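Report on the structure given below.
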Amino acid sequence: MKNFVFISPNFPANYWKFCRCLKDNGLNVLGIGEQSYDDLLPELKESLNEYYKVGSLENYDEVYRAMGFFIHKYGRIDWLESNNEYWLEQDAALRTDFNITSGFQNSDIPRIRFKSGMKEYYRRAGIATARYHIVDDKKGCLDFVKEVGWPVIVKPDNGMGASDTRKLSSEADLDAFLESRMPGVQYIMEEFIHAEINSYDAIFDSHGNPIFETGNITPVSIMDVVNEAGNSAYYLLKELPDDTRAAGRATAKSFGVKSRFVHFEFFRLTQDQEGMGKKGDVVALEVNMRPCGGYSPDMMNFANSTDVYKLWADMIAFDRSTMPVGEHFYCAFVGRRDGKKFRYSNEELAKKYESNMKMTGRIPPALSGAMADQMFMANFSTKEDMDQFYADALAPQD
């Protein structure tokens with residue numbers, strides 16, 4: 001029996017489904033997390049063969065000792081994953097220290113976590129990327145701005161999501177950023193790209209071949225949702241465009257992706273941009289070597305009439321899957337921010353679209369910064385019907 005260690009299997013809450021499918025496939029599923037065993041969801045408890053509670057997952061020594069306990073009790077660990085961006089570096093360190101060869105190692109981190117390190121691998125894949133500058137002093141930043149023009153985007157080079165991402169439109173904005181940036185953090189400055197975000201989401205086997213592919217579009221900037229405490233919206237596509245599929249596969253090959261669930265983000269240009277391409281072209285944003293966050297795996301299931309939790313677990317256990325992908329839909333997510341007034345109350349919106357609704361509920365505080373507070377998830381056969389849903393969901397109170 002193969003031993004699989006799942007790091008932080010309780011967060012996000014839906015990740016118990018990954019564990020359940022692993023266990024159903026005959027793996028010995030071992031969890032390491034901070035939450036007490038008694039507080040775990042019953043479904044997660046049933047999906048784990050054993051759970052080791054640590055005081056803090058941030059304490060590497062504690063997690064290291066937990067791994068040692070599991071190895072002493074069960075033997076060699078075959079797989080270790082968190083499927084969570086926050087723990088990717090620790091996952092790699094644990095694999096390296098315990099000679100677990102089924103995933104990224106310490107040596108892989110610069111190209112998969114640092115936004116500046118990703119640029120070369122996009123270049124090898126033939127995909128354009130924004131010009132950039134590693135933030136040093138004001139003069140260096142202004143020299144870069146002279147080259148690319150205002151506005152520019154600044155963010156931590158090794159950052160997650162839209163955390164501490166800012167749009168600078170003037171020298172005054174630059175001064176404010178330089179004064180308030182986090183000490184000891186390396187920032188990257190990039191030219192502003194006029195585009196919407198398109199994703200390529202896939203599960204790859206051990207040979208680097210995709211066994212499942214889909215994608216989403218984010219018409220509302222996550223940076224704006226976070227910085228302006230706004231509402232959120234994104235949707236799973238009914239069909240993945242050919243150019244997104246081609247860019248995703250080329251990116252996976254360049255980065256050496258094998259045996260992984262990935263979420264690659266691309267820009268689709270909304271206007272011609274010198275050095276980047278023509279309106280409609282797909283250009284690089286960043287790679288995320290884990291599933292799209294939050295409830296996206298469930299949305300993938302709804303949009304594709306399948307079960308990506310099982311697809312992923314089948315890849316782990318058998319390096320293939322016979323899980324069918326059925327009828328396709330647009331699956332729309334909308335997150336409404338508490339304190340904002342809407343034309344339709346939460347109850348009225350759920351009632352109006354009850355035949356389309358797949359999931360509703362409160363968004364956990366750990367995710368609400370980027371996703372708002374109250375979520376609705378609904379399937380639609382046409383984009384026109386989905387657009388009307390968004391119009392109703394986000395219409396302000398008269």
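Quick note on naming: the chains in the structure tokens go A, B, ... in the order shown, residues restart at 1 in each chain, and ligands are numbered from 1 in order of appearance.
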Check the DSSP output for the backbone and give back, as a ChimeraX atom specification, the residues of stretch 96-233 of chain A in strand (DSSP E or B).
/A:132-134,152-156,166-168,187-191,195-204,210-214,216-218,232-233
What's around A:Ala303 at 8 Å? Count only C-alpha atoms, leave out sequence neighbours fewer than 3 positions away in its own chain, and write the answer as a list in words.
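My list of contacting residues is Leu236, Leu237, Lys238, Met299, Met300, Glu327, His328, Phe329, Tyr330, Cys331 and Asn379 of chain A.
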Do a neighbour search on stretch 279-284 of chain A at 7 Å with only C-alpha atoms, toss out local chain neighbours closer than 2 positions, and write the hits as a PyMOL selection string.
chain A and resi 127-129+244+265-272+277+286
